[in-house]
Amino acid sequence: MELTVGKIAELVGGELAGPGDCIIRGVAALDEAGPEDITFATSARYRERIDETGASAVIVPFEIDRSKKILVRVENPYLALAKVSGLFHAVSRPVIGISQQAHVGKKFRHGKEISIYAGVFIGDDVTLGDCVTLHAGVMIGNSVEIGNNVVVHPNVSILDRCQIGNRVIIQAGSVIGSEGFGFASDGDKYYKIPQVGIVRIDDDVEIGACNTIDRATFGKTWIKRGVKTDNLIQIAHNVVVGEDTVLVAQVGISGSVTIGNHAILAAQAGIAGHLNIGDRATIGPQAGIAKSVPDGQVVTGSPGMPHRLWLRVSNIIPKLPDMKKKLRELEGRIEELEKV
Amino acid sequence: MELTVGKIAELVGGELAGPGDCIIRGVAALDEAGPEDITFATSARYRERIDETGASAVIVPFEIDRSKKILVRVENPYLALAKVSGLFHAVSRPVIGISQQAHVGKKFRHGKEISIYAGVFIGDDVTLGDCVTLHAGVMIGNSVEIGNNVVVHPNVSILDRCQIGNRVIIQAGSVIGSEGFGFASDGDKYYKIPQVGIVRIDDDVEIGACNTIDRATFGKTWIKRGVKTDNLIQIAHNVVVGEDTVLVAQVGISGSVTIGNHAILAAQAGIAGHLNIGDRATIGPQAGIAKSVPDGQVVTGSPGMPHRLWLRVSNIIPKLPDMKKKLRELEGRIEELEKV
Amino acid sequence: MELTVGKIAELVGGELAGPGDCIIRGVAALDEAGPEDITFATSARYRERIDETGASAVIVPFEIDRSKKILVRVENPYLALAKVSGLFHAVSRPVIGISQQAHVGKKFRHGKEISIYAGVFIGDDVTLGDCVTLHAGVMIGNSVEIGNNVVVHPNVSILDRCQIGNRVIIQAGSVIGSEGFGFASDGDKYYKIPQVGIVRIDDDVEIGACNTIDRATFGKTWIKRGVKTDNLIQIAHNVVVGEDTVLVAQVGISGSVTIGNHAILAAQAGIAGHLNIGDRATIGPQAGIAKSVPDGQVVTGSPGMPHRLWLRVSNIIPKLPDMKKKLRELEGRIEELEKV
């Protein structure tokens with residue numbers, strides 16, 4: 001694959017600064033690129049490193065306007081990188097069909113160009129669309145339905161009756177459709193509440209590695225279109241995650257929480273059960289959320305509070321010893337005054 | 001399966017309000033149930049939605065005493081739900097014997113009605129009781145012993161010599177018996193302390209998805225009867241978890257901690273090494289516990305403190321900027337007074 | 001295997017108190033050891049339990065100088081335990097070669113004495129050194145390179161092109177080389193940034209169970225010599241972890257963080273993206289680190305602060321209600337003074 005810098009600038013809607021006929025054969029990071037590569041600087045902070053890169057061309061934000069290198073100036077370098085790197089690194093796995101060393105259950109229905117690797121287990125009554133890849137060690141339960149252009153990485157478990165949309169990617173080791181944590185207590189022992197619902201994952205979702213997404217008690221746990229989850233995320237039974245919402249690593253979401261569209265939950269945040277997190281809400285890292293969060297609000301801290309307040313609070317917390325000292329000092333001064 | 005509402009009321013020890021001869025064929029959530037279903041409302045908060053459900057009958061708490069629907073009034077609706085749903089959703093997996101595509105080691109002993117799916121690996125000298133199901137991708141190490149009526153979900157690893165009791169369920173992706181985190185430092189490098197103990201899991205335990213339960217350095221890491229763990233939980237070497245204790249998602253328990261019976265550790269809590277957590281103690285979500293907790297105490301926060309204190313503290317934390325302002329104001333007023 | 005106590009004292013560089021000719025055939029914990037065992041007490045706290053052990057000999061710190069038992073007195077009992085237990089519990093797995101039930105891809109190169117268990121998947125163009133053990137359910141992607149004396153426990157996934165050094169141990173369920181969490185937003189949808197780098201793990205590293213270590217966007221995520229990670233740890237793309245650094249359970253490290261040598265990150269700590277954590281820095285449990293940490297510093301809390309400050313702050317936090325009350329009292333006294 002090769003493209004001229006001019007063609008790349010055109011494809012990403014960028015402004016070219018320098019000759020457009022230079023041939024590019026790859027994308028690489030600033031300090032690893034060679035003369036046939038294009039590289040990228042995501043902010044003006046990297047200005048000084050641009051002249052030193054081995055690459056011939058650099059995708060930069062508009063603030064950067066000149067360099068020894070050919071520049072492709074864009075509004076959003078990350079987005080341009082996603083497009084350019086997507087072109088050069090288009091995944092072209094061979095289609096391998098169904099390995100002899102895979103287990104396939106009864107009533108298996110599938111589209112064209114599927115790749116079922118050795119060591120895959122497919123239960124009964126499973127449906128796969130076109131261009132589905134199931135890597136080694138993937139376990140698909142009975143009556144699971146999977147759409148087109150789905151990639152399931154090694155050692156993932158997708159349990160009975162779960163539904164996966166189109167263009168979904170699931171990273172290695174994740175569990176989709178485990179039994180939710182539902183027990184009733186008589187004050188003495190715990191009794192299992194059967195978890196008879198499913199997990200439904202809509203189109204264009206990407207699930208990270210070692211996620212656990214529990215099936216619903218009844219009905220469905222629902223991950224809507226375009227959601228992206230990082231690694232080691234816990235999603236409990238009956239949770240709904242809205243479209244284009246992002247969950248960063250080690251987030252934990254308790255049962256029956258509803259999260260809106262375009263929300264962002266930062267790493268290690270935890271959401272208590274039955275809450276609503278609004279559209280375009282942002283939850284800070286390690287936040288502990290015990291109340292619902294309205295649309296568009298930014299909440300941080302544990303206890304969770306508006307982010308701007310948290311910034312002030314978190315500046316004061318390390319000064320608590322000073323505050324305590326000041327309090328004692330003032331008390332002394334008051335005592336003096338009272339003596340008069 | 002079908003039951004009259006009257007029979008259901010009898011089975012759960014509830015009071016019937018309405019005709020008892022209505023036939024029920026399933027259980028479903030309030031907003032998904034149809035006329036042949038019974039549904040449930042776990043608290044009086046759902047009072048208004050009861051009349052609108054498509055179900056013919058509803059399990060309700062005693063506070064709710066009338067409705068257009070047939071009511072089964074009980075003290076503990078969750079418990080009644082567990083019983084009723086357990087009846088209608090009794091798991092009846094076919095017994096498949098030992099798949100030709102499973103690997104079985106030497107000296108394999110097993111009871112009747114076992115199901116060993118394709119892709120299972122069983123080491124040497126393994127013992128299984130009656131009615132054990134090992135799903136695809138399960139790995140059982142050498143000399144493991146498993147009791148009766150155990151279900152191990154896909155891609156679980158149970159390592160050498162671990163012991164699993166009766167009626168145990170292990171959700172997908174969990175690791176039982178990994179080597180504990182034991183290293184000795186000479187100030188420069190770390191040297192591995194062999195982890196030669198085991199994990200023992202007693203009867204009626206349920207382990208969530210992607211748990212990691214480390215084997216003991218010597219002796220055993222011990223999960224006692226009736227313990228229920230949620231997903232992504234870390235249990236380090238030589239931990240003892242008492243009977244009927246509940247560990248909610250993403251809890252982390254450091255080495256050699258002993259937890260009593262009937263304790264509850266809420267989500268994302270962390271317990272430092274070598275501590276004792278008492279019987280019926282409750283640890284709040286995200287709590288960081290650095291001291292032992294006596295029987296029956298409720299501890300929250302990081303640093304952990306009595307829960308009622310934490311409630312007051314967590315109300316004050318967002319008001320720290322106000323406190324700081326007030327402190328400055330008082331200082332000014334004192335200065336004024338001192339000038340006099 | 002049997003050794004005299006005298007020989008053991010010599011091997012660990014300890015001082016013998018008692019007869020040296022007693023024969024030892026195993027190592028066990030204080031309360032489980034029998035007359036043919038040596039046991040250990042890691043601190044003088046266990047002084048009283050030493051006389052009660054069933055063992056004939058005890059490894060103790062120098063502070064303990066007499067007992068009914070034979071003593072092996074050392075400076076660092078943990079280190080001596082690591083050595084002695086390592087001798088008695090030397091792992092001697094049989095070399096099994098390549099199981100007929102494993103899948104091996106094209107162009108497979110390997111050293112001598114390898115053990116590839118049933119259910120292992122090895123992609124194309126894979127290289128293994130001598131004495132490599134791949135347990136059941138392990139998945140090795142294309143073009144992976146693994147050194148000598150490596151043990152990969154069950155159900156681990158090592159994805160395409162990752163590089164593993166010598167004497168590396170990877171506990172069950174871990175994922176090495178999953179795609180990093182890289183998405184560019186146009187304000188509406190997220191676009192995937194291809195993750196085309198690798199994970200490189202150097203010599204003498206041990207990775208715990210259910211870790212997720214993402215491949216780099218470009219270049220490498222790099223775990224350097226001697227690093228030890230506990231369970232359920234998240235390491236994002238392009239992270240570098242320095243030599244002999246220890247990551248305790250459930251730690252989360254965001255993208256492009258660089259950690260120095262000999263650092264310690266305690267359980268459940270989280271590090272924000274693009275930070276530097278210095279050599280021999282220590283990060284406390286549950287700490288939330290949003291700024292880089294210099295060499296040798298000890299940082300705790302969320303927000304992170306110097307550990308000694310955190311100790312004072314965490315003593316004050318539970319006293320905030322008292323502080324608030326005191327503030328109100330002082331205000332009242334000032335009002336009284338102002339009336340005069």
# chains A, B, ... in the order shown; residues from 1 in each chain; ligands from 1
call {"tool": "residues_around", "arguments": {"residues": "region 261-269 of chain C", "least_positions_apart": "3", "cutoff": "9 Å", "atoms": "only C-alpha atoms", "output": "ChimeraX atom specification"}}
result
/A:268 /B:188-189,252,254,268,270,272 /C:224,227,230,233,241-253,277-289,295-296,300
call {"tool": "select_by_dssp", "arguments": {"residues": "region 77-133 of chain C", "states": "strand (DSSP E or B)", "output": "PDB file with all heavy atoms, in the first residue's frame"}}
result
ATOM      1  N   GLY C  97       6.162 -33.092  25.537  1.00  0.00           N
ATOM      2  CA  GLY C  97       6.214 -32.867  24.084  1.00  0.00           C
ATOM      3  C   GLY C  97       4.993 -32.105  23.609  1.00  0.00           C
ATOM      4  O   GLY C  97       4.433 -31.295  24.354  1.00  0.00           O
ATOM      5  N   ILE C  98       4.562 -32.382  22.384  1.00  0.00           N
ATOM      6  CA  ILE C  98       3.419 -31.656  21.801  1.00  0.00           C
ATOM      7  C   ILE C  98       2.221 -32.589  21.753  1.00  0.00           C
ATOM      8  O   ILE C  98       2.232 -33.601  21.051  1.00  0.00           O
ATOM      9  CB  ILE C  98       3.755 -31.148  20.388  1.00  0.00           C
ATOM     10  CG1 ILE C  98       4.997 -30.250  20.433  1.00  0.00           C
ATOM     11  CG2 ILE C  98       2.570 -30.410  19.788  1.00  0.00           C
ATOM     12  CD1 ILE C  98       5.489 -29.799  19.066  1.00  0.00           C
ATOM     13  N   HIS C 103      -3.229 -27.544  18.631  1.00  0.00           N
ATOM     14  CA  HIS C 103      -3.142 -27.073  17.255  1.00  0.00           C
ATOM     15  C   HIS C 103      -1.833 -26.317  17.077  1.00  0.00           C
ATOM     16  O   HIS C 103      -1.567 -25.371  17.831  1.00  0.00           O
ATOM     17  CB  HIS C 103      -4.319 -26.161  16.914  1.00  0.00           C
ATOM     18  CG  HIS C 103      -4.129 -25.452  15.605  1.00  0.00           C
ATOM     19  ND1 HIS C 103      -4.662 -25.916  14.420  1.00  0.00           N
ATOM     20  CD2 HIS C 103      -3.419 -24.341  15.288  1.00  0.00           C
ATOM     21  CE1 HIS C 103      -4.306 -25.105  13.433  1.00  0.00           C
ATOM     22  NE2 HIS C 103      -3.551 -24.147  13.935  1.00  0.00           N
ATOM     23  N   VAL C 104      -1.054 -26.701  16.094  1.00  0.00           N
ATOM     24  CA  VAL C 104       0.213 -26.012  15.833  1.00  0.00           C
ATOM     25  C   VAL C 104       0.192 -25.466  14.410  1.00  0.00           C
ATOM     26  O   VAL C 104      -0.085 -26.202  13.461  1.00  0.00           O
ATOM     27  CB  VAL C 104       1.402 -26.974  16.028  1.00  0.00           C
ATOM     28  CG1 VAL C 104       2.711 -26.276  15.682  1.00  0.00           C
ATOM     29  CG2 VAL C 104       1.443 -27.481  17.459  1.00  0.00           C
ATOM     30  N   ARG C 109       8.841 -23.087  15.266  1.00  0.00           N
ATOM     31  CA  ARG C 109      10.222 -23.378  15.686  1.00  0.00           C
ATOM     32  C   ARG C 109      10.234 -23.493  17.203  1.00  0.00           C
ATOM     33  O   ARG C 109       9.605 -22.679  17.896  1.00  0.00           O
ATOM     34  CB  ARG C 109      11.147 -22.225  15.279  1.00  0.00           C
ATOM     35  CG  ARG C 109      11.376 -22.084  13.793  1.00  0.00           C
ATOM     36  CD  ARG C 109      12.107 -20.788  13.477  1.00  0.00           C
ATOM     37  NE  ARG C 109      11.349 -19.625  13.912  1.00  0.00           N
ATOM     38  CZ  ARG C 109      10.395 -19.037  13.186  1.00  0.00           C
ATOM     39  NH1 ARG C 109      10.083 -19.488  11.977  1.00  0.00           N
ATOM     40  NH2 ARG C 109       9.742 -17.994  13.664  1.00  0.00           N
ATOM     41  N   HIS C 110      10.971 -24.495  17.703  1.00  0.00           N
ATOM     42  CA  HIS C 110      11.002 -24.633  19.161  1.00  0.00           C
ATOM     43  C   HIS C 110      12.259 -25.338  19.619  1.00  0.00           C
ATOM     44  O   HIS C 110      12.884 -26.109  18.864  1.00  0.00           O
ATOM     45  CB  HIS C 110       9.761 -25.371  19.661  1.00  0.00           C
ATOM     46  CG  HIS C 110       9.673 -26.787  19.186  1.00  0.00           C
ATOM     47  ND1 HIS C 110      10.294 -27.814  19.837  1.00  0.00           N
ATOM     48  CD2 HIS C 110       9.041 -27.326  18.128  1.00  0.00           C
ATOM     49  CE1 HIS C 110      10.038 -28.940  19.191  1.00  0.00           C
ATOM     50  NE2 HIS C 110       9.289 -28.679  18.151  1.00  0.00           N
ATOM     51  N   SER C 115       6.605 -28.640  26.535  1.00  0.00           N
ATOM     52  CA  SER C 115       5.369 -29.337  26.905  1.00  0.00           C
ATOM     53  C   SER C 115       4.192 -28.507  26.412  1.00  0.00           C
ATOM     54  O   SER C 115       3.913 -27.436  26.959  1.00  0.00           O
ATOM     55  CB  SER C 115       5.272 -29.494  28.428  1.00  0.00           C
ATOM     56  OG  SER C 115       6.286 -30.350  28.911  1.00  0.00           O
ATOM     57  N   ILE C 116       3.536 -29.008  25.384  1.00  0.00           N
ATOM     58  CA  ILE C 116       2.387 -28.303  24.813  1.00  0.00           C
ATOM     59  C   ILE C 116       1.163 -29.184  25.092  1.00  0.00           C
ATOM     60  O   ILE C 116       0.999 -30.243  24.477  1.00  0.00           O
ATOM     61  CB  ILE C 116       2.565 -28.107  23.287  1.00  0.00           C
ATOM     62  CG1 ILE C 116       3.935 -27.519  22.962  1.00  0.00           C
ATOM     63  CG2 ILE C 116       1.426 -27.268  22.722  1.00  0.00           C
ATOM     64  CD1 ILE C 116       4.207 -26.160  23.527  1.00  0.00           C
ATOM     65  N   PHE C 121      -3.521 -23.656  21.370  1.00  0.00           N
ATOM     66  CA  PHE C 121      -3.532 -23.190  19.988  1.00  0.00           C
ATOM     67  C   PHE C 121      -2.276 -22.373  19.750  1.00  0.00           C
ATOM     68  O   PHE C 121      -2.021 -21.398  20.461  1.00  0.00           O
ATOM     69  CB  PHE C 121      -4.762 -22.320  19.719  1.00  0.00           C
ATOM     70  CG  PHE C 121      -4.806 -21.768  18.316  1.00  0.00           C
ATOM     71  CD1 PHE C 121      -5.569 -22.390  17.340  1.00  0.00           C
ATOM     72  CD2 PHE C 121      -4.081 -20.635  17.967  1.00  0.00           C
ATOM     73  CE1 PHE C 121      -5.616 -21.888  16.037  1.00  0.00           C
ATOM     74  CE2 PHE C 121      -4.107 -20.125  16.667  1.00  0.00           C
ATOM     75  CZ  PHE C 121      -4.891 -20.756  15.704  1.00  0.00           C
ATOM     76  N   ILE C 122      -1.502 -22.750  18.753  1.00  0.00           N
ATOM     77  CA  ILE C 122      -0.299 -22.002  18.369  1.00  0.00           C
ATOM     78  C   ILE C 122      -0.476 -21.535  16.929  1.00  0.00           C
ATOM     79  O   ILE C 122      -0.686 -22.356  16.032  1.00  0.00           O
ATOM     80  CB  ILE C 122       0.960 -22.888  18.515  1.00  0.00           C
ATOM     81  CG1 ILE C 122       1.175 -23.257  19.990  1.00  0.00           C
ATOM     82  CG2 ILE C 122       2.194 -22.189  17.957  1.00  0.00           C
ATOM     83  CD1 ILE C 122       2.326 -24.217  20.250  1.00  0.00           C
ATOM     84  N   THR C 127       7.837 -18.944  17.643  1.00  0.00           N
ATOM     85  CA  THR C 127       9.127 -19.482  18.113  1.00  0.00           C
ATOM     86  C   THR C 127       9.085 -19.681  19.624  1.00  0.00           C
ATOM     87  O   THR C 127       8.790 -18.739  20.362  1.00  0.00           O
ATOM     88  CB  THR C 127      10.265 -18.493  17.785  1.00  0.00           C
ATOM     89  OG1 THR C 127      10.250 -18.227  16.390  1.00  0.00           O
ATOM     90  CG2 THR C 127      11.618 -19.077  18.184  1.00  0.00           C
ATOM     91  N   LEU C 128       9.395 -20.880  20.088  1.00  0.00           N
ATOM     92  CA  LEU C 128       9.529 -21.161  21.526  1.00  0.00           C
ATOM     93  C   LEU C 128      10.957 -21.607  21.803  1.00  0.00           C
ATOM     94  O   LEU C 128      11.536 -22.347  21.018  1.00  0.00           O
ATOM     95  CB  LEU C 128       8.614 -22.300  21.969  1.00  0.00           C
ATOM     96  CG  LEU C 128       7.111 -22.243  21.685  1.00  0.00           C
ATOM     97  CD1 LEU C 128       6.419 -23.436  22.352  1.00  0.00           C
ATOM     98  CD2 LEU C 128       6.516 -20.941  22.171  1.00  0.00           C
ATOM     99  N   THR C 133       6.572 -24.517  28.839  1.00  0.00           N
ATOM    100  CA  THR C 133       5.332 -25.251  29.108  1.00  0.00           C
ATOM    101  C   THR C 133       4.140 -24.369  28.784  1.00  0.00           C
ATOM    102  O   THR C 133       4.009 -23.267  29.347  1.00  0.00           O
ATOM    103  CB  THR C 133       5.265 -25.663  30.596  1.00  0.00           C
ATOM    104  OG1 THR C 133       6.391 -26.491  30.893  1.00  0.00           O
ATOM    105  CG2 THR C 133       3.981 -26.428  30.905  1.00  0.00           C
TER     106      THR C 133
END
call {"tool": "residues_around", "arguments": {"residues": "Ala29 (chain B)", "least_positions_apart": "4", "cutoff": "8 Å", "atoms": "only C-alpha atoms", "output": "number ranges by chain"}}
result
A: 218-219; B: 33, 39-40
call {"tool": "residues_around", "arguments": {"residues": "Arg225 (chain B)", "least_positions_apart": "4", "cutoff": "6 Å", "atoms": "only C-alpha atoms", "output": "PDB file with N, CA, C and O atoms, in the first residue's frame"}}
result
ATOM      1  N   ASP B 202     -16.039 -24.720  49.814  1.00  0.00           N
ATOM      2  CA  ASP B 202     -17.008 -25.614  50.459  1.00  0.00           C
ATOM      3  C   ASP B 202     -18.367 -25.615  49.739  1.00  0.00           C
ATOM      4  O   ASP B 202     -18.546 -24.949  48.725  1.00  0.00           O
ATOM      5  N   ASP B 203     -19.309 -26.350  50.305  1.00  0.00           N
ATOM      6  CA  ASP B 203     -20.620 -26.545  49.682  1.00  0.00           C
ATOM      7  C   ASP B 203     -21.367 -25.230  49.464  1.00  0.00           C
ATOM      8  O   ASP B 203     -21.239 -24.289  50.245  1.00  0.00           O
ATOM      9  N   ASP B 204     -22.199 -25.217  48.442  1.00  0.00           N
ATOM     10  CA  ASP B 204     -23.162 -24.136  48.206  1.00  0.00           C
ATOM     11  C   ASP B 204     -22.525 -22.775  47.970  1.00  0.00           C
ATOM     12  O   ASP B 204     -23.162 -21.736  48.178  1.00  0.00           O
ATOM     13  N   VAL B 205     -21.287 -22.783  47.527  1.00  0.00           N
ATOM     14  CA  VAL B 205     -20.621 -21.526  47.175  1.00  0.00           C
ATOM     15  C   VAL B 205     -20.916 -21.208  45.712  1.00  0.00           C
ATOM     16  O   VAL B 205     -21.007 -22.106  44.876  1.00  0.00           O
ATOM     17  N   GLU B 243     -18.707 -18.432  56.385  1.00  0.00           N
ATOM     18  CA  GLU B 243     -19.949 -18.953  55.797  1.00  0.00           C
ATOM     19  C   GLU B 243     -20.937 -17.830  55.473  1.00  0.00           C
ATOM     20  O   GLU B 243     -21.103 -16.889  56.240  1.00  0.00           O
TER      21      GLU B 243
END
call {"tool": "residues_around", "arguments": {"residues": "Asn148 (chain A)", "least_positions_apart": "6", "cutoff": "8 Å", "atoms": "only C-alpha atoms", "output": "ChimeraX atom specification"}}
result
/A:128-132,165-167
call {"tool": "write_last_selection", "arguments": {"atoms": "N, CA, C and O atoms", "output": "mmCIF file, in the first residue's frame"}}
result
data_model
loop_
_atom_site.group_PDB
_atom_site.id
_atom_site.type_symbol
_atom_site.label_atom_id
_atom_site.label_comp_id
_atom_site.auth_asym_id
_atom_site.auth_seq_id
_atom_site.Cartn_x
_atom_site.Cartn_y
_atom_site.Cartn_z
ATOM 1 N N LEU A 128 -24.579 -17.242 12.936
ATOM 2 C CA LEU A 128 -23.527 -16.247 12.672
ATOM 3 C C LEU A 128 -23.802 -15.585 11.326
ATOM 4 O O LEU A 128 -24.214 -16.260 10.378
ATOM 5 N N GLY A 129 -23.531 -14.277 11.210
ATOM 6 C CA GLY A 129 -23.660 -13.589 9.926
ATOM 7 C C GLY A 129 -22.449 -13.820 9.038
ATOM 8 O O GLY A 129 -21.684 -14.774 9.226
ATOM 9 N N ASP A 130 -22.244 -12.906 8.087
ATOM 10 C CA ASP A 130 -21.091 -12.978 7.183
ATOM 11 C C ASP A 130 -19.831 -12.467 7.887
ATOM 12 O O ASP A 130 -19.895 -11.604 8.765
ATOM 13 N N CYS A 131 -18.689 -12.963 7.433
ATOM 14 C CA CYS A 131 -17.386 -12.408 7.833
ATOM 15 C C CYS A 131 -17.213 -12.371 9.347
ATOM 16 O O CYS A 131 -16.725 -11.369 9.895
ATOM 17 N N VAL A 132 -17.617 -13.432 10.015
ATOM 18 C CA VAL A 132 -17.425 -13.525 11.463
ATOM 19 C C VAL A 132 -16.161 -14.331 11.737
ATOM 20 O O VAL A 132 -15.943 -15.365 11.114
ATOM 21 N N GLY A 165 -24.602 -7.693 17.714
ATOM 22 C CA GLY A 165 -24.924 -7.009 16.459
ATOM 23 C C GLY A 165 -23.828 -7.127 15.411
ATOM 24 O O GLY A 165 -23.031 -8.068 15.414
ATOM 25 N N ASN A 166 -23.772 -6.136 14.516
ATOM 26 C CA ASN A 166 -22.800 -6.098 13.424
ATOM 27 C C ASN A 166 -21.566 -5.276 13.807
ATOM 28 O O ASN A 166 -21.659 -4.342 14.591
ATOM 29 N N ARG A 167 -20.446 -5.644 13.198
ATOM 30 C CA ARG A 167 -19.180 -4.893 13.392
ATOM 31 C C ARG A 167 -18.811 -4.761 14.870
ATOM 32 O O ARG A 167 -18.290 -3.730 15.300
#
call {"tool": "interface_residues", "arguments": {"of": "chain C", "to": "chain A", "cutoff": "8 Å", "atoms": "only C-alpha atoms", "output": "MDAnalysis selection string"}}
result
chainID C and resid 103 119:121 137 139 155:157 173:175 178:179 181 183:186 188:194 196 210 212 218:219 232 234 252 270 288 303 305 309:310 312:313 316 323 327 330 333:334 337
call {"tool": "atom_distance", "arguments": {"atom1": "CA of Ile259 (chain C)", "atom2": "CA of Gly273 (chain C)"}}
result
11.6 Å
call {"tool": "atom_distance", "arguments": {"atom1": "CA of Val150 (chain A)", "atom2": "CA of Met1 (chain A)"}}
result
24.6 Å
call {"tool": "atom_distance", "arguments": {"atom1": "CA of Lys106 (chain C)", "atom2": "CA of Ile140 (chain A)"}}
result
26.6 Å
call {"tool": "closest_residue", "arguments": {"among": "C:Thr4, C:Asn149, C:Val72, C:Gly255", "to": "Glu113 (chain C)", "atoms": "only C-alpha atoms"}}
result
C:Asn149
call {"tool": "residues_around", "arguments": {"residues": "Arg161 (chain B)", "least_positions_apart": "4", "cutoff": "9 Å", "atoms": "only C-alpha atoms", "output": "MDAnalysis selection string"}}
result
chainID B and resid 126 141:145 177 197:199
